[in-house]
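**Student:** Got a structure for you, run-v8.cif, holding mmCIF, C-alpha atoms.
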data_input
#
loop_
_atom_site.group_PDB
_atom_site.id
_atom_site.type_symbol
_atom_site.label_atom_id
_atom_site.label_comp_id
_atom_site.auth_asym_id
_atom_site.auth_seq_id
_atom_site.Cartn_x
_atom_site.Cartn_y
_atom_site.Cartn_z
ATOM 1 C CA MET W 429 36.477 185.940 -157.892
ATOM 2 C CA SER W 430 35.043 182.388 -157.591
ATOM 3 C CA GLU W 431 35.649 181.732 -161.303
ATOM 4 C CA SER W 432 39.281 182.835 -161.039
ATOM 5 C CA VAL W 433 39.814 180.392 -158.169
ATOM 6 C CA THR W 434 37.915 177.455 -159.689
ATOM 7 C CA ALA W 435 39.527 177.595 -163.129
ATOM 8 C CA PRO W 436 43.128 177.065 -161.942
ATOM 9 C CA ALA W 437 42.005 174.263 -159.603
ATOM 10 C CA THR W 438 40.158 172.513 -162.423
ATOM 11 C CA SER W 439 43.083 172.857 -164.789
ATOM 12 C CA THR W 440 45.410 171.475 -162.113
ATOM 13 C CA ARG W 441 43.215 168.411 -161.619
ATOM 14 C CA ALA W 442 43.032 167.913 -165.381
ATOM 15 C CA ALA W 443 46.802 168.182 -165.636
ATOM 16 C CA VAL W 444 47.260 165.586 -162.861
ATOM 17 C CA LEU W 445 44.770 163.230 -164.540
ATOM 18 C CA GLY W 446 46.503 163.698 -167.882
ATOM 19 C CA GLY W 447 49.845 162.944 -166.277
ATOM 20 C CA TRP W 448 48.483 159.681 -164.871
ATOM 21 C CA LEU W 449 47.067 158.631 -168.240
ATOM 22 C CA ARG W 450 50.382 159.348 -169.981
ATOM 23 C CA ASP W 451 52.353 157.500 -167.328
ATOM 24 C CA GLY W 452 53.172 153.949 -168.409
ATOM 25 C CA GLY W 453 53.573 152.980 -164.747
ATOM 26 C CA PHE W 454 49.938 153.864 -164.097
ATOM 27 C CA TRP W 455 48.811 151.492 -166.855
ATOM 28 C CA ALA W 456 51.137 148.765 -165.559
ATOM 29 C CA ASP W 457 49.706 149.021 -162.041
ATOM 30 C CA TRP W 458 46.087 149.114 -163.195
ATOM 31 C CA ALA W 459 46.281 146.859 -166.265
ATOM 32 C CA ALA W 460 44.083 144.196 -164.641
ATOM 33 C CA ALA W 461 41.356 146.643 -163.622
ATOM 34 C CA VAL W 462 41.300 148.444 -166.965
ATOM 35 C CA GLY W 463 41.460 145.179 -168.905
ATOM 36 C CA LEU W 464 38.614 143.682 -166.865
ATOM 37 C CA VAL W 465 36.379 146.670 -167.561
ATOM 38 C CA VAL W 466 37.179 146.528 -171.279
ATOM 39 C CA LEU W 467 36.460 142.794 -171.436
ATOM 40 C CA VAL W 468 33.140 143.199 -169.645
ATOM 41 C CA VAL W 469 32.030 145.937 -172.044
ATOM 42 C CA VAL W 470 33.130 144.028 -175.161
ATOM 43 C CA PHE W 471 31.730 140.633 -174.180
ATOM 44 C CA GLN W 472 28.452 142.096 -172.924
ATOM 45 C CA ALA W 473 28.011 143.933 -176.219
ATOM 46 C CA ALA W 474 28.780 140.737 -178.145
ATOM 47 C CA ASN W 475 26.627 138.446 -175.986
ATOM 48 C CA PRO W 476 24.001 139.886 -173.593
ATOM 49 C CA THR W 477 24.086 136.743 -171.449
ATOM 50 C CA PHE W 478 27.626 137.538 -170.316
ATOM 51 C CA LEU W 479 26.438 139.656 -167.369
ATOM 52 C CA SER W 480 23.440 137.486 -166.543
ATOM 53 C CA SER W 481 23.302 136.494 -162.875
ATOM 54 C CA GLY W 482 23.894 132.826 -163.680
ATOM 55 C CA ASN W 483 26.962 133.499 -165.791
ATOM 56 C CA VAL W 484 28.421 136.000 -163.321
ATOM 57 C CA ARG W 485 28.004 133.447 -160.537
ATOM 58 C CA SER W 486 29.653 130.797 -162.705
ATOM 59 C CA MET W 487 32.629 133.078 -163.419
ATOM 60 C CA LEU W 488 33.089 134.008 -159.777
ATOM 61 C CA VAL W 489 33.000 130.366 -158.642
ATOM 62 C CA ALA W 490 35.415 129.399 -161.412
ATOM 63 C CA SER W 491 37.804 132.178 -160.394
ATOM 64 C CA ALA W 492 37.914 131.251 -156.682
ATOM 65 C CA ILE W 493 40.599 128.577 -157.061
ATOM 66 C CA LEU W 494 42.771 130.809 -159.235
ATOM 67 C CA VAL W 495 42.379 133.716 -156.802
ATOM 68 C CA VAL W 496 43.672 131.595 -153.901
ATOM 69 C CA LEU W 497 46.628 130.302 -155.949
ATOM 70 C CA SER W 498 47.427 133.814 -157.214
ATOM 71 C CA VAL W 499 47.472 135.225 -153.685
ATOM 72 C CA GLY W 500 49.925 132.512 -152.672
ATOM 73 C CA GLN W 501 52.066 133.175 -155.739
ATOM 74 C CA THR W 502 52.041 136.891 -154.862
ATOM 75 C CA PHE W 503 53.826 136.262 -151.550
ATOM 76 C CA VAL W 504 56.630 134.460 -153.380
ATOM 77 C CA VAL W 505 56.954 136.947 -156.247
ATOM 78 C CA LEU W 506 57.138 139.860 -153.781
ATOM 79 C CA THR W 507 60.436 138.389 -152.584
ATOM 80 C CA GLY W 508 61.732 138.193 -156.141
ATOM 81 C CA GLY W 509 61.040 134.471 -156.540
ATOM 82 C CA ILE W 510 58.563 132.281 -158.394
ATOM 83 C CA ASP W 511 56.812 129.028 -157.507
ATOM 84 C CA LEU W 512 56.428 126.710 -160.488
ATOM 85 C CA SER W 513 55.151 123.913 -158.246
ATOM 86 C CA VAL W 514 51.976 125.634 -157.051
ATOM 87 C CA ALA W 515 49.636 123.641 -159.327
ATOM 88 C CA SER W 516 51.387 120.351 -158.498
ATOM 89 C CA ALA W 517 51.198 121.172 -154.776
ATOM 90 C CA MET W 518 47.464 121.688 -155.221
ATOM 91 C CA THR W 519 47.161 118.343 -157.028
ATOM 92 C CA PHE W 520 49.192 116.645 -154.298
ATOM 93 C CA GLY W 521 46.919 118.170 -151.665
ATOM 94 C CA ALA W 522 43.812 117.098 -153.578
ATOM 95 C CA VAL W 523 45.056 113.486 -153.786
ATOM 96 C CA LEU W 524 45.797 113.461 -150.046
ATOM 97 C CA PHE W 525 42.307 114.830 -149.476
ATOM 98 C CA GLY W 526 40.853 111.996 -151.545
ATOM 99 C CA PHE W 527 43.105 109.503 -149.736
ATOM 100 C CA GLY W 528 41.731 110.608 -146.378
ATOM 101 C CA ILE W 529 38.139 110.445 -147.586
ATOM 102 C CA SER W 530 38.581 107.004 -149.155
ATOM 103 C CA HIS W 531 39.983 105.695 -145.852
ATOM 104 C CA GLY W 532 37.018 106.992 -143.874
ATOM 105 C CA TRP W 533 38.797 109.849 -142.111
ATOM 106 C CA GLY W 534 36.092 112.376 -142.934
ATOM 107 C CA ILE W 535 36.100 115.811 -144.549
ATOM 108 C CA GLY W 536 37.865 117.515 -141.643
ATOM 109 C CA TRP W 537 40.919 115.277 -141.547
ATOM 110 C CA GLY W 538 40.946 115.111 -145.327
ATOM 111 C CA GLY W 539 41.159 118.916 -145.421
ATOM 112 C CA VAL W 540 43.975 118.860 -142.857
ATOM 113 C CA LEU W 541 45.877 116.378 -145.037
ATOM 114 C CA ALA W 542 45.404 118.600 -148.098
ATOM 115 C CA VAL W 543 46.755 121.676 -146.312
ATOM 116 C CA LEU W 544 49.654 119.765 -144.754
ATOM 117 C CA GLY W 545 50.543 118.281 -148.146
ATOM 118 C CA GLY W 546 50.663 121.719 -149.751
ATOM 119 C CA ALA W 547 52.584 123.112 -146.774
ATOM 120 C CA LEU W 548 55.145 120.307 -147.051
ATOM 121 C CA VAL W 549 55.890 121.208 -150.666
ATOM 122 C CA GLY W 550 56.165 124.870 -149.667
ATOM 123 C CA VAL W 551 58.522 124.216 -146.751
ATOM 124 C CA VAL W 552 60.839 122.090 -148.891
ATOM 125 C CA ASN W 553 60.882 124.788 -151.572
ATOM 126 C CA GLY W 554 61.577 127.510 -149.024
ATOM 127 C CA MET W 555 64.403 125.648 -147.294
ATOM 128 C CA LEU W 556 66.145 124.814 -150.550
ATOM 129 C CA VAL W 557 65.783 128.379 -151.865
ATOM 130 C CA GLY W 558 66.423 130.186 -148.586
ATOM 131 C CA ASN W 559 68.959 128.050 -146.760
ATOM 132 C CA GLY W 560 70.247 126.005 -149.678
ATOM 133 C CA ARG W 561 70.610 129.119 -151.864
ATOM 134 C CA ILE W 562 69.494 127.199 -154.950
ATOM 135 C CA THR W 563 67.761 129.122 -157.729
ATOM 136 C CA ASP W 564 64.022 129.190 -157.178
ATOM 137 C CA PHE W 565 63.370 128.213 -160.802
ATOM 138 C CA VAL W 566 65.358 124.978 -160.438
ATOM 139 C CA VAL W 567 63.962 124.113 -157.002
ATOM 140 C CA THR W 568 60.300 124.629 -157.854
ATOM 141 C CA LEU W 569 60.694 122.948 -161.227
ATOM 142 C CA GLY W 570 62.022 119.897 -159.406
ATOM 143 C CA SER W 571 59.253 119.957 -156.796
ATOM 144 C CA LEU W 572 56.710 120.360 -159.614
ATOM 145 C CA SER W 573 57.805 116.993 -160.965
ATOM 146 C CA ALA W 574 58.197 115.367 -157.537
ATOM 147 C CA ALA W 575 54.778 116.465 -156.240
ATOM 148 C CA SER W 576 53.086 115.384 -159.471
ATOM 149 C CA GLY W 577 54.793 111.990 -159.277
ATOM 150 C CA LEU W 578 53.848 111.471 -155.624
ATOM 151 C CA ALA W 579 50.236 112.342 -156.434
ATOM 152 C CA LEU W 580 50.173 109.690 -159.161
ATOM 153 C CA VAL W 581 51.806 107.107 -156.869
ATOM 154 C CA ILE W 582 49.402 107.719 -153.961
ATOM 155 C CA ALA W 583 46.320 107.667 -156.202
ATOM 156 C CA ASP W 584 47.701 104.831 -158.348
ATOM 157 C CA GLY W 585 47.007 107.049 -161.320
ATOM 158 C CA LYS W 586 43.238 106.938 -160.731
ATOM 159 C CA PRO W 587 40.894 109.734 -159.652
ATOM 160 C CA VAL W 588 39.141 109.298 -156.308
ATOM 161 C CA THR W 589 35.473 110.239 -156.377
ATOM 162 C CA VAL W 590 34.486 112.330 -153.350
ATOM 163 C CA VAL W 591 30.792 112.410 -152.492
ATOM 164 C CA SER W 592 30.052 114.796 -149.636
ATOM 165 C CA VAL W 593 27.110 117.086 -148.872
ATOM 166 C CA PRO W 594 29.278 119.809 -147.208
ATOM 167 C CA LEU W 595 31.628 119.823 -150.197
ATOM 168 C CA LEU W 596 28.667 120.010 -152.555
ATOM 169 C CA LYS W 597 27.352 123.019 -150.641
ATOM 170 C CA LEU W 598 30.790 124.627 -150.755
ATOM 171 C CA SER W 599 30.720 124.324 -154.530
ATOM 172 C CA THR W 600 27.060 125.121 -155.264
ATOM 173 C CA GLY W 601 25.783 127.035 -152.229
ATOM 174 C CA GLY W 602 26.170 130.684 -151.404
ATOM 175 C CA ILE W 603 24.405 134.010 -151.046
ATOM 176 C CA GLY W 604 22.908 135.188 -154.315
ATOM 177 C CA ILE W 605 25.581 135.214 -156.994
ATOM 178 C CA ILE W 606 28.328 134.923 -154.381
ATOM 179 C CA GLY W 607 29.191 131.270 -153.824
ATOM 180 C CA TRP W 608 30.731 129.974 -150.609
ATOM 181 C CA SER W 609 33.986 129.221 -152.423
ATOM 182 C CA VAL W 610 34.073 132.839 -153.580
ATOM 183 C CA LEU W 611 33.642 134.023 -149.990
ATOM 184 C CA VAL W 612 36.501 131.739 -148.912
ATOM 185 C CA ALA W 613 38.738 133.226 -151.614
ATOM 186 C CA ALA W 614 37.696 136.765 -150.623
ATOM 187 C CA VAL W 615 38.505 136.151 -146.956
ATOM 188 C CA ILE W 616 41.928 134.754 -147.890
ATOM 189 C CA ALA W 617 42.634 137.796 -150.075
ATOM 190 C CA VAL W 618 41.624 140.223 -147.306
ATOM 191 C CA LEU W 619 43.744 138.405 -144.726
ATOM 192 C CA ALA W 620 46.707 138.404 -147.121
ATOM 193 C CA HIS W 621 46.324 142.159 -147.637
ATOM 194 C CA LEU W 622 46.238 142.779 -143.885
ATOM 195 C CA VAL W 623 49.288 140.584 -143.316
ATOM 196 C CA LEU W 624 51.328 142.272 -146.045
ATOM 197 C CA PHE W 625 50.350 145.876 -145.335
ATOM 198 C CA ARG W 626 49.463 145.934 -141.636
ATOM 199 C CA THR W 627 52.135 143.768 -140.007
ATOM 200 C CA ARG W 628 55.876 144.019 -139.463
ATOM 201 C CA TRP W 629 56.353 140.661 -141.160
ATOM 202 C CA GLY W 630 54.663 142.018 -144.287
ATOM 203 C CA THR W 631 57.124 144.913 -144.299
ATOM 204 C CA HIS W 632 59.961 142.396 -144.066
ATOM 205 C CA VAL W 633 58.588 140.544 -147.104
ATOM 206 C CA PHE W 634 58.694 143.714 -149.192
ATOM 207 C CA ALA W 635 62.148 144.569 -147.854
ATOM 208 C CA ALA W 636 63.535 141.113 -148.640
ATOM 209 C CA GLY W 637 62.295 141.428 -152.198
ATOM 210 C CA GLY W 638 63.262 145.060 -152.734
ATOM 211 C CA SER W 639 66.860 144.753 -151.527
ATOM 212 C CA PRO W 640 68.018 141.550 -149.805
ATOM 213 C CA GLU W 641 71.347 143.134 -148.873
ATOM 214 C CA ALA W 642 69.711 146.134 -147.212
ATOM 215 C CA ALA W 643 67.182 143.884 -145.484
ATOM 216 C CA THR W 644 69.976 141.722 -144.081
ATOM 217 C CA ALA W 645 71.835 144.825 -142.913
ATOM 218 C CA THR W 646 68.768 145.901 -140.896
ATOM 219 C CA GLY W 647 68.548 142.530 -139.148
ATOM 220 C CA ILE W 648 65.942 140.822 -141.335
ATOM 221 C CA SER W 649 66.568 137.124 -141.948
ATOM 222 C CA VAL W 650 66.001 136.836 -145.689
ATOM 223 C CA PRO W 651 66.274 133.003 -145.678
ATOM 224 C CA ALA W 652 63.569 132.830 -142.997
ATOM 225 C CA ILE W 653 61.352 135.118 -145.074
ATOM 226 C CA LYS W 654 61.909 132.878 -148.114
ATOM 227 C CA ILE W 655 60.905 129.784 -146.159
ATOM 228 C CA ALA W 656 57.833 131.555 -144.823
ATOM 229 C CA VAL W 657 56.509 132.853 -148.162
ATOM 230 C CA TYR W 658 56.943 129.506 -149.902
ATOM 231 C CA THR W 659 55.174 127.849 -146.986
ATOM 232 C CA VAL W 660 52.302 130.322 -147.255
ATOM 233 C CA CYS W 661 52.090 129.582 -150.969
ATOM 234 C CA GLY W 662 51.985 125.848 -150.232
ATOM 235 C CA VAL W 663 49.306 126.216 -147.559
ATOM 236 C CA LEU W 664 47.129 128.229 -149.933
ATOM 237 C CA ALA W 665 47.699 125.577 -152.619
ATOM 238 C CA GLY W 666 46.353 123.031 -150.114
ATOM 239 C CA LEU W 667 43.282 125.182 -149.472
ATOM 240 C CA ALA W 668 42.811 125.568 -153.221
ATOM 241 C CA ALA W 669 42.933 121.763 -153.454
ATOM 242 C CA ILE W 670 39.849 121.534 -151.218
ATOM 243 C CA LEU W 671 38.012 124.033 -153.423
ATOM 244 C CA LEU W 672 39.091 122.073 -156.505
ATOM 245 C CA VAL W 673 37.796 118.755 -155.157
ATOM 246 C CA ALA W 674 34.536 120.442 -154.138
ATOM 247 C CA ARG W 675 34.128 121.846 -157.644
ATOM 248 C CA VAL W 676 35.131 118.721 -159.595
ATOM 249 C CA GLY W 677 33.718 116.130 -157.197
ATOM 250 C CA ALA W 678 36.877 114.040 -157.387
ATOM 251 C CA ALA W 679 40.568 114.116 -156.491
ATOM 252 C CA GLU W 680 42.359 114.071 -159.836
ATOM 253 C CA PRO W 681 46.009 112.917 -159.703
ATOM 254 C CA ALA W 682 46.880 114.565 -163.025
ATOM 255 C CA ALA W 683 48.274 118.085 -162.555
ATOM 256 C CA ASN W 684 46.583 120.923 -164.417
ATOM 257 C CA THR W 685 49.392 123.175 -165.634
ATOM 258 C CA SER W 686 46.946 125.887 -166.667
ATOM 259 C CA PHE W 687 46.587 126.829 -162.987
ATOM 260 C CA LEU W 688 50.348 127.389 -162.768
ATOM 261 C CA LEU W 689 50.479 129.516 -165.900
ATOM 262 C CA ASN W 690 47.378 131.499 -164.942
ATOM 263 C CA SER W 691 48.570 132.128 -161.372
ATOM 264 C CA VAL W 692 51.769 133.690 -162.716
ATOM 265 C CA ALA W 693 49.764 135.543 -165.374
ATOM 266 C CA ALA W 694 47.394 136.967 -162.750
ATOM 267 C CA VAL W 695 50.361 138.236 -160.710
ATOM 268 C CA VAL W 696 51.888 139.906 -163.777
ATOM 269 C CA LEU W 697 48.562 141.448 -164.761
ATOM 270 C CA GLY W 698 48.126 142.606 -161.171
ATOM 271 C CA GLY W 699 51.200 144.814 -161.369
ATOM 272 C CA VAL W 700 53.408 142.820 -158.966
ATOM 273 C CA SER W 701 57.059 143.389 -159.809
ATOM 274 C CA LEU W 702 58.746 140.166 -160.886
ATOM 275 C CA VAL W 703 62.002 141.346 -159.325
ATOM 276 C CA GLY W 704 60.263 141.751 -155.959
ATOM 277 C CA GLY W 705 59.589 144.551 -153.517
ATOM 278 C CA ARG W 706 56.498 146.029 -155.148
ATOM 279 C CA GLY W 707 52.913 144.889 -155.561
ATOM 280 C CA SER W 708 49.514 144.396 -153.981
ATOM 281 C CA VAL W 709 46.946 141.686 -153.326
ATOM 282 C CA LEU W 710 44.080 143.426 -155.123
ATOM 283 C CA GLY W 711 45.974 143.466 -158.427
ATOM 284 C CA PRO W 712 46.436 139.665 -158.710
ATOM 285 C CA VAL W 713 42.830 139.122 -157.594
ATOM 286 C CA LEU W 714 41.657 141.371 -160.431
ATOM 287 C CA GLY W 715 44.086 139.579 -162.744
ATOM 288 C CA ALA W 716 42.518 136.233 -161.829
ATOM 289 C CA LEU W 717 39.039 137.650 -162.479
ATOM 290 C CA LEU W 718 40.216 139.034 -165.834
ATOM 291 C CA LEU W 719 41.614 135.678 -166.977
ATOM 292 C CA THR W 720 38.434 133.888 -165.902
ATOM 293 C CA ALA W 721 36.255 136.457 -167.682
ATOM 294 C CA LEU W 722 38.420 136.151 -170.799
ATOM 295 C CA ALA W 723 38.012 132.365 -170.951
ATOM 296 C CA ASN W 724 34.287 132.582 -170.211
ATOM 297 C CA GLY W 725 33.653 135.300 -172.792
ATOM 298 C CA LEU W 726 35.526 133.448 -175.514
ATOM 299 C CA THR W 727 33.533 130.307 -174.735
ATOM 300 C CA LEU W 728 30.243 132.207 -174.983
ATOM 301 C CA LEU W 729 31.332 133.552 -178.366
ATOM 302 C CA GLY W 730 32.003 130.035 -179.580
ATOM 303 C CA VAL W 731 35.765 130.482 -179.883
ATOM 304 C CA SER W 732 37.677 127.192 -179.864
ATOM 305 C CA PRO W 733 39.360 126.388 -176.528
ATOM 306 C CA PHE W 734 42.604 125.963 -178.472
ATOM 307 C CA TYR W 735 42.724 129.731 -179.007
ATOM 308 C CA GLN W 736 42.206 130.613 -175.340
ATOM 309 C CA PRO W 737 45.852 130.039 -174.290
ATOM 310 C CA VAL W 738 46.877 132.264 -177.202
ATOM 311 C CA ALA W 739 44.636 135.036 -175.881
ATOM 312 C CA VAL W 740 45.923 134.622 -172.326
ATOM 313 C CA GLY W 741 49.540 134.667 -173.485
ATOM 314 C CA THR W 742 48.967 137.808 -175.543
ATOM 315 C CA VAL W 743 47.370 139.629 -172.617
ATOM 316 C CA VAL W 744 50.212 138.655 -170.269
ATOM 317 C CA VAL W 745 52.925 139.773 -172.700
ATOM 318 C CA LEU W 746 51.194 143.127 -173.128
ATOM 319 C CA ALA W 747 51.025 143.536 -169.359
ATOM 320 C CA ALA W 748 54.703 142.623 -169.047
ATOM 321 C CA LEU W 749 55.588 145.235 -171.664
ATOM 322 C CA LEU W 750 53.837 147.874 -169.578
ATOM 323 C CA THR W 751 56.069 147.070 -166.608
ATOM 324 C CA ARG W 752 59.010 148.473 -168.572
ATOM 325 C CA PHE W 753 57.584 151.944 -167.972
ATOM 326 C CA ARG W 754 57.199 151.507 -164.239
ATOM 327 C CA ARG W 755 59.568 153.550 -162.149
#
Before anything else, please render the file you have as C-alpha cells.

**Tutor:**
Amino acid sequence: MSESVTAPATSTRAAVLGGWLRDGGFWADWAAAVGLVVLVVVFQAANPTFLSSGNVRSMLVASAILVVLSVGQTFVVLTGGIDLSVASAMTFGAVLFGFGISHGWGIGWGGVLAVLGGALVGVVNGMLVGNGRITDFVVTLGSLSAASGLALVIADGKPVTVVSVPLLKLSTGGIGIIGWSVLVAAVIAVLAHLVLFRTRWGTHVFAAGGSPEAATATGISVPAIKIAVYTVCGVLAGLAAILLVARVGAAEPAANTSFLLNSVAAVVLGGVSLVGGRGSVLGPVLGALLLTALANGLTLLGVSPFYQPVAVGTVVVLAALLTRFRR
C-alpha cells in the first residue's frame, strides 16, 4: 500500500520539477542564481584560488558598490523606467564628499553632502519624468551629462584625496570575509526588500509599473511614485559614492560608465521586468555578484580587460532573451 501511495507522489514531484526546468520563465527569473553557480564551478575548476578566502572577500567588497546601485536602479525599473544618470549621480556625490572633506567639514557632513547630492539628481529626474511627463530616457540622459559636468566644475577636474581612518576601516575592515561595506550593502538590500514587499508604498510601486492607468483609477498618484523611486535611486547613488571614496581613497570627478551599464545589467539578470510591475531585490543582488565574479574570474585567468565588456554584454543579452518566455 505504501509503495502505491509513494510512487504517484514521486512522479508528481518529478513532473512539477520537469515543468519548471522546461519553463523559460523559470530560467529568466533565476538566470542570475544559475549563472553565478555555473561561473563559480567553472572558475574554481580553472583556477583553485578563485574560492580562496582572500579572493572571495575581494569579490564581495568589489560588489558592494554595484549592489547598492543595482538596488536603486531596481526601484526605478519596477515602475517601467530607467535611470541612466545613476553613475553620474554617484560621481557627483563623491565630489561633494571630497569637497566637504577638503574644507574641513569632517566625514559626517561630507557623507550628508554626498547623499544630498545624489538625492538632488534623483528628485530632478523624478519631477521631470513624473510631473513633466518627459521620457525617462531623455531626462536621465540629460542629467547624466549635467551631473558629470557639475562634478568636473566643483572638483576643477582634479581628484580630491581623502585620508580618513574610519573610511579606511569601512573599506578594509569587517568580520572574516565579510567587509563592512558588504554589510552596508546587505542592510540596504534587506531594507529595500522589506519596503517593496511589506509596505503599502511598495505595493503602489509595483502597481504603478504594472498598469499606470489601473493604479491611477485606484487612487494611486503615479507621478508621486515616480518622484519617490528616482529619489530613492539618487539617495542610494549618494551612499554608493561614500563606499566608492572609501574604496578608492579619493573623490574622482570622472564618471565611470561601467557602473551604469552594470547596474542595468544586474537588474536584467535579476529577472526584473523592464516594462515594470515585476521583480525582486534578491535577483539584482545576485546579478551584481555574478558580474563581479565574471570580471574577477576572467582576470584570474589572464583574460585581457578589453574582453570583459564583451563577456558582460553577451551574458546580459542572453538573460534578456530569456525574458521573452516569461508570462

**Student:** Would you write out, as an MDAnalysis selection string, every residue that the PyMOL selection byres ((chain W and resi 714-723) around 8) captures in this file?

**Tutor:** chainID W and resid 460:461 463:464 467:468 487:488 490:491 494:495 498 690:691 693:698 710:713 724:727 736 740

**Student:** What would the selection look like, as a ChimeraX atom specification, if the PyMOL selection byres ((chain W and resi 505) around 10) were run on the coordinates I just shared?

**Tutor:** /W:499-504,506-511,633-634,637,657-658,692,695-696,700-707

**Student:** Using all atoms listed in the file, what table do you get, as CSV, when you list each residue of stretch 482-528 of chain W with an atom no more than 8 Å from stretch 670-681 of chain W, its nearest pair of atoms, and their distance in Å rounded to one decimal, rows by chain then rising number?

**Tutor:**
residue,atom,partner,partner_atom,distance
W:Ala492,CA,W:Leu671,CA,7.9
W:Ile493,CA,W:Leu671,CA,6.4
W:Thr519,CA,W:Pro681,CA,6.2
W:Phe520,CA,W:Pro681,CA,7.3
W:Gly521,CA,W:Ile670,CA,7.8
W:Ala522,CA,W:Ala679,CA,5.3
W:Val523,CA,W:Ala679,CA,5.3
W:Phe525,CA,W:Ala679,CA,7.3
W:Gly526,CA,W:Ala679,CA,5.4

**Student:** Measure the distance from atom CA of W:Leu524 to atom CA of W:Pro587 in Å and round it to one decimal.

**Tutor:**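 Interatomic distance, atom CA of W:Leu524 to atom CA of W:Pro587: 11.4 Å.
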
**Student:** Calculated over all atoms listed in the file, which of the candidates W:Ala517, W:Trp537, W:Gly699, W:Thr685 has the smallest distance to W:Leu746?

**Tutor:** W:Gly699

**Student:** So which residues get picked by the PyMOL selection byres ((chain W and resi 575) around 12) here, written as a PyMOL selection string?

**Tutor:** chain W and resi 512-524+545-550+552-553+567-574+576-582+662+681-683

**Student:** Using all atoms listed in the file, I'd like a table of the residues in stretch 475-562 of chain W that come within 6 Å of stretch 601-618 of chain W; for each, show the closest atom pair and its distance in Å rounded to one decimal, ordered by chain and ascending number, as a tab-separated table.

**Tutor:**
residue	atom	partner	partner_atom	distance
W:Arg485	CA	W:Ile605	CA	4.6
W:Val489	CA	W:Val610	CA	5.7
W:Ala492	CA	W:Val610	CA	5.2
W:Val496	CA	W:Ala613	CA	5.7

**Student:** Rounded to one decimal in Å, what is the spacing between atom CA of W:Ala656 and atom CA of W:Gly630?

**Tutor:**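 Atom CA of W:Ala656 sits 10.9 Å away from atom CA of W:Gly630.
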
**Student:** Mind working out the centre and edge lengths of an axis-aligned box for stretch 579-582 of chain W, all listed atoms inside, 5 Å added to each side, rounded to one decimal in Å and written as JSON?

**Tutor:**
{"center_x": 50.6, "center_y": 109.7, "center_z": -156.6, "size_x": 12.4, "size_y": 15.2, "size_z": 15.2}

**Student:** From the list W:Ser592, W:Ala643, W:Ala459, W:Leu497, which residue is nearest W:Gly532 when using all atoms listed in the file?

**Tutor:**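 Counting all atoms listed in the file, the residue closest to W:Gly532 is W:Ser592.
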